[in-house]
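Okay, input-v3.tsv is below, TSV, N, CA and C atoms:
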```
chain	number	residue	atom	x	y	z
A	1	MET	N	5.88	-71.20	-22.83
A	1	MET	CA	5.12	-70.24	-22.07
A	1	MET	C	5.18	-70.56	-20.58
A	2	LYS	N	5.01	-71.84	-20.23
A	2	LYS	CA	5.06	-72.22	-18.82
A	2	LYS	C	6.42	-71.93	-18.22
A	3	ARG	N	7.47	-72.15	-19.00
A	3	ARG	CA	8.82	-71.89	-18.50
A	3	ARG	C	9.02	-70.40	-18.22
A	4	ALA	N	8.56	-69.53	-19.12
A	4	ALA	CA	8.67	-68.09	-18.93
A	4	ALA	C	7.92	-67.66	-17.68
A	5	LEU	N	6.73	-68.19	-17.48
A	5	LEU	CA	5.93	-67.86	-16.29
A	5	LEU	C	6.63	-68.32	-15.02
A	6	LEU	N	7.24	-69.49	-15.06
A	6	LEU	CA	7.97	-70.00	-13.91
A	6	LEU	C	9.18	-69.12	-13.60
A	7	ILE	N	9.90	-68.66	-14.59
A	7	ILE	CA	11.05	-67.79	-14.38
A	7	ILE	C	10.61	-66.46	-13.78
A	8	ILE	N	9.55	-65.89	-14.32
A	8	ILE	CA	9.04	-64.62	-13.79
A	8	ILE	C	8.58	-64.80	-12.35
A	9	THR	N	7.86	-65.88	-12.08
A	9	THR	CA	7.38	-66.15	-10.72
A	9	THR	C	8.56	-66.36	-9.78
A	10	SER	N	9.58	-67.07	-10.19
A	10	SER	CA	10.76	-67.28	-9.34
A	10	SER	C	11.45	-65.96	-9.05
A	11	PHE	N	11.57	-65.11	-10.06
A	11	PHE	CA	12.20	-63.81	-9.87
A	11	PHE	C	11.41	-62.97	-8.88
A	12	LEU	N	10.10	-62.93	-9.04
A	12	LEU	CA	9.27	-62.13	-8.15
A	12	LEU	C	9.31	-62.65	-6.72
A	13	CYS	N	9.37	-63.94	-6.56
A	13	CYS	CA	9.40	-64.52	-5.22
A	13	CYS	C	10.75	-64.34	-4.54
A	14	SER	N	11.79	-64.06	-5.31
A	14	SER	CA	13.12	-63.93	-4.73
A	14	SER	C	13.36	-62.53	-4.15
A	15	CYS	N	12.46	-61.59	-4.37
A	15	CYS	CA	12.61	-60.25	-3.83
A	15	CYS	C	12.31	-60.25	-2.35
A	16	ASP	N	13.09	-59.48	-1.61
A	16	ASP	CA	12.87	-59.33	-0.19
A	16	ASP	C	12.15	-58.01	0.04
A	17	SER	N	11.30	-57.93	1.04
A	17	SER	CA	10.58	-56.70	1.31
A	17	SER	C	10.14	-56.67	2.77
A	18	GLY	N	9.69	-55.52	3.21
A	18	GLY	CA	9.20	-55.40	4.58
A	18	GLY	C	8.44	-54.11	4.80
A	19	VAL	N	7.69	-54.07	5.89
A	19	VAL	CA	6.95	-52.89	6.30
A	19	VAL	C	7.65	-52.32	7.52
A	20	GLU	N	8.01	-51.04	7.49
A	20	GLU	CA	8.73	-50.43	8.60
A	20	GLU	C	7.86	-49.49	9.43
A	21	TRP	N	6.73	-49.09	8.90
A	21	TRP	CA	5.82	-48.20	9.62
A	21	TRP	C	4.45	-48.36	9.01
A	22	LYS	N	3.41	-48.29	9.86
A	22	LYS	CA	2.05	-48.43	9.34
A	22	LYS	C	1.09	-47.60	10.18
A	23	ASP	N	0.24	-46.86	9.53
A	23	ASP	CA	-0.90	-46.17	10.11
A	23	ASP	C	-1.98	-46.25	9.05
A	24	ARG	N	-2.71	-47.34	9.06
A	24	ARG	CA	-3.64	-47.66	7.98
A	24	ARG	C	-4.46	-46.48	7.51
A	25	PRO	N	-4.57	-46.35	6.20
A	25	PRO	CA	-4.11	-47.24	5.15
A	25	PRO	C	-2.70	-46.94	4.65
A	26	TYR	N	-1.93	-46.16	5.39
A	26	TYR	CA	-0.59	-45.77	4.93
A	26	TYR	C	0.46	-46.69	5.53
A	27	GLU	N	1.53	-46.90	4.76
A	27	GLU	CA	2.63	-47.73	5.23
A	27	GLU	C	3.91	-47.32	4.53
A	28	VAL	N	5.02	-47.47	5.25
A	28	VAL	CA	6.34	-47.29	4.65
A	28	VAL	C	6.88	-48.69	4.43
A	29	ILE	N	7.17	-48.99	3.17
A	29	ILE	CA	7.68	-50.32	2.82
A	29	ILE	C	9.01	-50.19	2.10
A	30	TRP	N	9.74	-51.30	2.07
A	30	TRP	CA	10.96	-51.37	1.28
A	30	TRP	C	10.94	-52.66	0.48
A	31	ILE	N	11.57	-52.60	-0.68
A	31	ILE	CA	11.69	-53.77	-1.54
A	31	ILE	C	13.16	-53.89	-1.94
A	32	ASP	N	13.71	-55.05	-1.74
A	32	ASP	CA	15.10	-55.40	-2.05
A	32	ASP	C	16.11	-54.86	-1.04
A	33	THR	N	16.09	-53.56	-0.74
A	33	THR	CA	17.03	-53.00	0.24
A	33	THR	C	16.31	-52.02	1.15
A	34	GLY	N	16.83	-51.83	2.35
A	34	GLY	CA	16.26	-50.89	3.30
A	34	GLY	C	16.34	-49.45	2.83
A	35	ASP	N	17.22	-49.15	1.88
A	35	ASP	CA	17.35	-47.79	1.34
A	35	ASP	C	16.30	-47.49	0.28
A	36	ASN	N	15.43	-48.42	0.03
A	36	ASN	CA	14.42	-48.26	-1.00
A	36	ASN	C	13.03	-48.09	-0.36
A	37	ARG	N	12.96	-47.26	0.69
A	37	ARG	CA	11.70	-47.05	1.42
A	37	ARG	C	10.79	-46.08	0.68
A	38	THR	N	9.51	-46.45	0.56
A	38	THR	CA	8.51	-45.59	-0.05
A	38	THR	C	7.29	-45.50	0.88
A	39	LEU	N	6.58	-44.38	0.79
A	39	LEU	CA	5.32	-44.23	1.52
A	39	LEU	C	4.21	-44.62	0.56
A	40	ASN	N	3.37	-45.54	0.98
A	40	ASN	CA	2.32	-46.08	0.12
A	40	ASN	C	0.96	-46.02	0.79
A	41	HIS	N	-0.07	-46.10	-0.03
A	41	HIS	CA	-1.45	-46.23	0.42
A	41	HIS	C	-1.85	-47.67	0.16
A	42	GLU	N	-2.16	-48.40	1.21
A	42	GLU	CA	-2.53	-49.81	1.09
A	42	GLU	C	-3.90	-49.93	0.44
A	43	ILE	N	-3.99	-50.76	-0.60
A	43	ILE	CA	-5.29	-50.95	-1.27
A	43	ILE	C	-5.87	-52.34	-1.03
A	44	SER	N	-5.04	-53.26	-0.58
A	44	SER	CA	-5.49	-54.58	-0.16
A	44	SER	C	-4.38	-55.16	0.72
A	45	GLU	N	-4.60	-56.33	1.24
A	45	GLU	CA	-3.61	-56.93	2.14
A	45	GLU	C	-2.25	-57.10	1.49
A	46	ASN	N	-2.22	-57.32	0.20
A	46	ASN	CA	-0.96	-57.59	-0.50
A	46	ASN	C	-0.61	-56.57	-1.57
A	47	ALA	N	-1.28	-55.42	-1.58
A	47	ALA	CA	-1.01	-54.44	-2.63
A	47	ALA	C	-1.14	-53.02	-2.08
A	48	SER	N	-0.34	-52.13	-2.64
A	48	SER	CA	-0.42	-50.72	-2.25
A	48	SER	C	-0.01	-49.86	-3.43
A	49	ILE	N	-0.36	-48.57	-3.34
A	49	ILE	CA	-0.02	-47.63	-4.41
A	49	ILE	C	0.88	-46.55	-3.81
A	50	GLY	N	1.90	-46.15	-4.56
A	50	GLY	CA	2.88	-45.20	-4.07
A	50	GLY	C	2.32	-43.81	-3.81
A	51	ARG	N	2.87	-43.18	-2.78
A	51	ARG	CA	2.53	-41.79	-2.45
A	51	ARG	C	3.78	-40.91	-2.42
A	52	VAL	N	4.90	-41.41	-1.86
A	52	VAL	CA	6.18	-40.69	-1.87
A	52	VAL	C	7.25	-41.71	-2.25
A	53	GLU	N	8.04	-41.37	-3.27
A	53	GLU	CA	9.08	-42.27	-3.77
A	53	GLU	C	10.25	-42.37	-2.80
A	54	ALA	N	11.11	-43.33	-3.05
A	54	ALA	CA	12.30	-43.56	-2.23
A	54	ALA	C	13.27	-42.39	-2.35
A	55	GLU	N	13.96	-42.13	-1.35
A	55	GLU	CA	14.07	-42.80	-0.07
A	55	GLU	C	13.38	-41.98	1.00
A	56	VAL	N	12.33	-42.53	1.58
A	56	VAL	CA	11.65	-41.89	2.70
A	56	VAL	C	12.52	-42.09	3.93
A	57	ILE	N	12.87	-40.98	4.60
A	57	ILE	CA	13.76	-41.08	5.77
A	57	ILE	C	13.06	-40.71	7.08
A	58	ALA	N	11.83	-40.21	7.01
A	58	ALA	CA	11.05	-39.94	8.21
A	58	ALA	C	9.58	-39.85	7.82
A	59	VAL	N	8.70	-40.17	8.78
A	59	VAL	CA	7.27	-40.16	8.53
A	59	VAL	C	6.54	-39.87	9.83
A	60	GLY	N	5.35	-39.34	9.71
A	60	GLY	CA	4.50	-39.08	10.87
A	60	GLY	C	3.07	-38.94	10.42
A	61	SER	N	2.14	-38.98	11.38
A	61	SER	CA	0.73	-38.86	11.02
A	61	SER	C	-0.10	-38.40	12.21
A	62	ASN	N	-1.25	-37.86	11.88
A	62	ASN	CA	-2.28	-37.59	12.87
A	62	ASN	C	-3.61	-37.93	12.21
A	63	GLU	N	-4.72	-37.54	12.81
A	63	GLU	CA	-6.02	-37.91	12.25
A	63	GLU	C	-6.31	-37.23	10.92
A	64	LYS	N	-5.64	-36.12	10.61
A	64	LYS	CA	-5.90	-35.38	9.36
A	64	LYS	C	-4.84	-35.55	8.28
A	65	TYR	N	-3.57	-35.71	8.69
A	65	TYR	CA	-2.47	-35.67	7.72
A	65	TYR	C	-1.44	-36.77	7.93
A	66	VAL	N	-0.74	-37.06	6.85
A	66	VAL	CA	0.46	-37.91	6.88
A	66	VAL	C	1.58	-37.07	6.28
A	67	VAL	N	2.75	-37.07	6.93
A	67	VAL	CA	3.89	-36.30	6.44
A	67	VAL	C	5.06	-37.23	6.17
A	68	ALA	N	5.89	-36.85	5.22
A	68	ALA	CA	7.07	-37.64	4.88
A	68	ALA	C	8.23	-36.72	4.55
A	69	LYS	N	9.41	-37.20	4.90
A	69	LYS	CA	10.67	-36.52	4.58
A	69	LYS	C	11.43	-37.46	3.65
A	70	GLN	N	11.92	-36.92	2.55
A	70	GLN	CA	12.54	-37.76	1.53
A	70	GLN	C	13.93	-37.26	1.16
A	71	LYS	N	14.84	-38.21	1.04
A	71	LYS	CA	16.18	-37.96	0.50
A	71	LYS	C	16.24	-38.73	-0.81
A	72	PRO	N	16.27	-38.04	-1.95
A	72	PRO	CA	16.27	-38.76	-3.23
A	72	PRO	C	17.46	-39.72	-3.35
A	73	ILE	N	17.19	-40.88	-3.89
A	73	ILE	CA	18.26	-41.86	-4.14
A	73	ILE	C	19.20	-41.25	-5.16
A	74	GLY	N	20.48	-41.33	-4.91
A	74	GLY	CA	21.47	-40.78	-5.82
A	74	GLY	C	21.85	-39.35	-5.49
A	75	GLY	N	21.26	-38.80	-4.44
A	75	GLY	CA	21.62	-37.44	-4.03
A	75	GLY	C	20.55	-36.42	-4.33
A	76	GLY	N	20.82	-35.22	-3.90
A	76	GLY	CA	19.84	-34.16	-4.07
A	76	GLY	C	19.40	-33.65	-2.72
A	77	SER	N	18.58	-32.58	-2.74
A	77	SER	CA	18.17	-32.00	-1.47
A	77	SER	C	17.00	-32.75	-0.85
A	78	ILE	N	16.94	-32.65	0.46
A	78	ILE	CA	15.86	-33.26	1.22
A	78	ILE	C	14.57	-32.51	0.91
A	79	SER	N	13.50	-33.26	0.72
A	79	SER	CA	12.19	-32.70	0.40
A	79	SER	C	11.17	-33.17	1.42
A	80	TYR	N	10.09	-32.40	1.52
A	80	TYR	CA	9.03	-32.68	2.48
A	80	TYR	C	7.70	-32.77	1.74
A	81	PHE	N	6.82	-33.65	2.22
A	81	PHE	CA	5.53	-33.89	1.60
A	81	PHE	C	4.46	-34.04	2.67
A	82	TYR	N	3.21	-33.79	2.26
A	82	TYR	CA	2.10	-34.14	3.14
A	82	TYR	C	0.92	-34.63	2.32
A	83	ILE	N	0.08	-35.40	2.98
A	83	ILE	CA	-1.13	-35.95	2.37
A	83	ILE	C	-2.30	-35.61	3.28
A	84	ASP	N	-3.35	-35.05	2.70
A	84	ASP	CA	-4.60	-34.80	3.43
A	84	ASP	C	-5.41	-36.09	3.35
A	85	ARG	N	-5.55	-36.78	4.47
A	85	ARG	CA	-6.23	-38.08	4.48
A	85	ARG	C	-7.65	-38.01	3.88
A	86	ALA	N	-8.37	-36.93	4.18
A	86	ALA	CA	-9.77	-36.83	3.72
A	86	ALA	C	-9.87	-36.75	2.20
A	87	LYS	N	-8.81	-36.31	1.54
A	87	LYS	CA	-8.84	-36.16	0.08
A	87	LYS	C	-8.23	-37.35	-0.65
A	88	ASP	N	-7.63	-38.27	0.08
A	88	ASP	CA	-6.96	-39.41	-0.55
A	88	ASP	C	-7.96	-40.51	-0.88
A	89	ASP	N	-7.63	-41.25	-1.90
A	89	ASP	CA	-8.45	-42.38	-2.34
A	89	ASP	C	-7.53	-43.36	-3.04
A	90	LYS	N	-7.77	-44.63	-2.84
A	90	LYS	CA	-6.89	-45.64	-3.44
A	90	LYS	C	-6.89	-45.62	-4.96
A	91	TYR	N	-7.85	-44.93	-5.56
A	91	TYR	CA	-7.92	-44.87	-7.02
A	91	TYR	C	-7.19	-43.66	-7.59
A	92	LEU	N	-6.61	-42.83	-6.73
A	92	LEU	CA	-5.87	-41.66	-7.19
A	92	LEU	C	-4.38	-41.98	-7.33
A	93	ASN	N	-3.73	-41.33	-8.29
A	93	ASN	CA	-2.29	-41.45	-8.44
A	93	ASN	C	-1.60	-40.55	-7.44
A	94	TRP	N	-0.32	-40.78	-7.20
A	94	TRP	CA	0.42	-40.01	-6.20
A	94	TRP	C	0.38	-38.52	-6.49
A	95	ASP	N	0.49	-38.13	-7.76
A	95	ASP	CA	0.55	-36.71	-8.10
A	95	ASP	C	-0.81	-36.03	-7.99
A	96	GLU	N	-1.88	-36.79	-7.79
A	96	GLU	CA	-3.20	-36.21	-7.59
A	96	GLU	C	-3.48	-35.94	-6.11
A	97	ILE	N	-2.69	-36.51	-5.22
A	97	ILE	CA	-2.98	-36.39	-3.79
A	97	ILE	C	-1.80	-35.89	-2.96
A	98	THR	N	-0.59	-36.28	-3.29
A	98	THR	CA	0.57	-35.90	-2.49
A	98	THR	C	0.94	-34.45	-2.75
A	99	GLN	N	1.06	-33.68	-1.68
A	99	GLN	CA	1.45	-32.27	-1.77
A	99	GLN	C	2.95	-32.16	-1.52
A	100	GLY	N	3.67	-31.53	-2.42
A	100	GLY	CA	5.11	-31.39	-2.31
A	100	GLY	C	5.75	-31.70	-3.64
A	101	PRO	N	7.02	-31.62	-3.75
A	101	PRO	CA	8.00	-31.46	-2.67
A	101	PRO	C	8.10	-30.01	-2.19
A	102	PHE	N	8.37	-29.87	-0.90
A	102	PHE	CA	8.57	-28.57	-0.27
A	102	PHE	C	9.96	-28.49	0.34
A	103	SER	N	10.49	-27.28	0.41
A	103	SER	CA	11.73	-27.06	1.16
A	103	SER	C	11.40	-27.15	2.64
A	104	GLU	N	12.41	-27.23	3.46
A	104	GLU	CA	12.19	-27.30	4.91
A	104	GLU	C	11.49	-26.04	5.41
A	105	ALA	N	11.91	-24.87	4.92
A	105	ALA	CA	11.31	-23.61	5.36
A	105	ALA	C	9.83	-23.56	5.01
A	106	ARG	N	9.48	-23.93	3.80
A	106	ARG	CA	8.07	-23.91	3.39
A	106	ARG	C	7.27	-24.95	4.17
A	107	PHE	N	7.87	-26.12	4.39
A	107	PHE	CA	7.18	-27.17	5.14
A	107	PHE	C	6.88	-26.72	6.57
A	108	LEU	N	7.82	-26.03	7.19
A	108	LEU	CA	7.60	-25.54	8.55
A	108	LEU	C	6.47	-24.52	8.60
A	109	GLN	N	6.36	-23.69	7.57
A	109	GLN	CA	5.23	-22.75	7.48
A	109	GLN	C	3.90	-23.51	7.37
A	110	LEU	N	3.87	-24.50	6.49
A	110	LEU	CA	2.66	-25.29	6.30
A	110	LEU	C	2.31	-26.07	7.57
A	111	LYS	N	3.33	-26.52	8.26
A	111	LYS	CA	3.10	-27.26	9.51
A	111	LYS	C	2.34	-26.40	10.50
A	112	THR	N	2.73	-25.14	10.61
A	112	THR	CA	2.06	-24.21	11.52
A	112	THR	C	0.65	-23.88	11.01
A	113	GLU	N	0.52	-23.57	9.74
A	113	GLU	CA	-0.77	-23.18	9.16
A	113	GLU	C	-1.80	-24.30	9.20
A	114	LEU	N	-1.38	-25.53	8.89
A	114	LEU	CA	-2.31	-26.64	8.74
A	114	LEU	C	-2.40	-27.56	9.97
A	115	GLY	N	-1.42	-27.45	10.86
A	115	GLY	CA	-1.38	-28.37	11.99
A	115	GLY	C	-0.84	-29.74	11.61
A	116	LEU	N	0.16	-29.73	10.73
A	116	LEU	CA	0.77	-31.00	10.31
A	116	LEU	C	1.45	-31.67	11.50
A	117	PRO	N	1.48	-32.99	11.52
A	117	PRO	CA	2.08	-33.71	12.65
A	117	PRO	C	3.60	-33.68	12.64
A	118	GLU	N	4.17	-34.05	13.77
A	118	GLU	CA	5.62	-34.23	13.90
A	118	GLU	C	6.00	-35.53	13.20
A	119	PHE	N	7.27	-35.66	12.87
A	119	PHE	CA	7.78	-36.93	12.37
A	119	PHE	C	7.93	-37.86	13.58
A	120	SER	N	7.25	-38.98	13.56
A	120	SER	CA	7.28	-39.90	14.68
A	120	SER	C	8.24	-41.07	14.47
A	121	LYS	N	8.65	-41.28	13.24
A	121	LYS	CA	9.55	-42.40	12.93
A	121	LYS	C	10.61	-41.91	11.95
A	122	GLU	N	11.86	-42.11	12.31
A	122	GLU	CA	12.98	-41.80	11.40
A	122	GLU	C	13.68	-43.08	11.02
A	123	PHE	N	14.16	-43.12	9.79
A	123	PHE	CA	14.81	-44.33	9.29
A	123	PHE	C	16.27	-44.05	9.01
```
Translate this file's structure into structure tokens.
Amino acid sequence: MKRALLIITSFLCSCDSGVEWKDRPYEVIWIDTGDNRTLNHEISENASIGRVEAEVIAVGSNEKYVVAKQKPIGGGSISYFYIDRAKDDKYLNWDEITQGPFSEARFLQLKTELGLPEFSKEF
């Protein structure tokens, strides 16, 4: 049992990761490779819950909303998402809070209607 725990711990410690953008409680992080960027809601100093899956290629925020642009890993069309900060909670799953995916045309309409922010960081 101790050996199995040691192997699992060694494997987990060998992963590389980083934070590329942060506007608390939101952050764009990557694990293992820079192409594995996700938008997350930070729930503690060392833990977060996903909001937009990889690969997040742009992000922005204001006092009301967080927006993300995603290119799915393995191909596919670019999608757009937004999160209403006032409705988010660390106990909610991504599909309970994240709005999208939207096409670019629909996202631009929503941007005007809701006052969504510009993308401030591109990856």
Just give me the residues with any atom within 8 Å of (6.0, -42.4, -4.6), file coordinates, counting only N, CA and C atoms, written as a list in words.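 Output: Thr38, Leu39, Asn40, Ile49, Gly50, Arg51, Val52, Glu53, Ala54, Trp94 and Asp95 of chain A.
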Which of A:Pro25, A:Gly18, A:Gly75, A:Pro117 sits closest to Asn62 in chain A [using all atoms listed in the file]: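 Ranking A:Pro25, A:Gly18, A:Gly75, A:Pro117 by distance to Asn62 in chain A, first place goes to A:Pro117.
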Pairwise distance for CA of Phe81 in chain A and atom C of Ala68 in chain A, rounded to one decimal in Å: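 One can read the CA of Phe81 in chain A to atom C of Ala68 in chain A distance as 4.9 Å.
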To one decimal place, how far is atom N of Leu116 in chain A from atom C of Gln99 in chain A in Å?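 Computed distance, atom N of Leu116 in chain A to atom C of Gln99 in chain A, equals 12.8 Å.
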If DSSP is run on the backbone, what residues of range 3-86 of chain A are alpha helix (DSSP H)? A reply as an NGL selection string would be ideal. :A and (3-13)
One-decimal distance in Å that lies between atom N of Lys69 in chain A and CA of Asp32 in chain A: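 Straight-line distance from CA of Asp32 in chain A to atom N of Lys69 in chain A works out to 20.3 Å.
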Give the answer as one residue: which of A:Ala86, A:Ile97, A:Ile43, A:Ile78 has the shortest atom-to-atom distance to Glu63 in chain A, using only C-alpha atoms?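 Nearest candidate to Glu63 in chain A out of A:Ala86, A:Ile97, A:Ile43, A:Ile78: A:Ala86.
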Find, counting all atoms listed in the file, the residue in A:Trp21, A:Tyr65, A:Trp30, A:Phe119 that gets nearest to Asp84 in chain A.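 That would be A:Tyr65, the residue with the smallest distance to Asp84 in chain A.
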Top pick for closest residue to Val59 in chain A, considering A:Lys22, A:Arg85, A:Lys111, A:Arg106 and counting only C-alpha atoms: A:Lys22
Pick from A:Glu122, A:Glu42, A:Glu55, A:Ile31, whichever lies nearest to Gly74 in chain A using only N, CA and C atoms: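 Closest to Gly74 in chain A, using only N, CA and C atoms: A:Glu55.
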Looking at only C-alpha atoms, which of A:Tyr26, A:Ser61, A:Arg37, A:Ser79 is the one that sits closest to Gly115 in chain A?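 So, comparing all the options, the nearest one is A:Ser61.
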Residues flagged strand (DSSP E) by DSSP in range 1-111 of chain A, as number ranges by chain: A: 17-23, 26-31, 37-44, 47-52, 56-61, 65-70, 79-84, 99-102
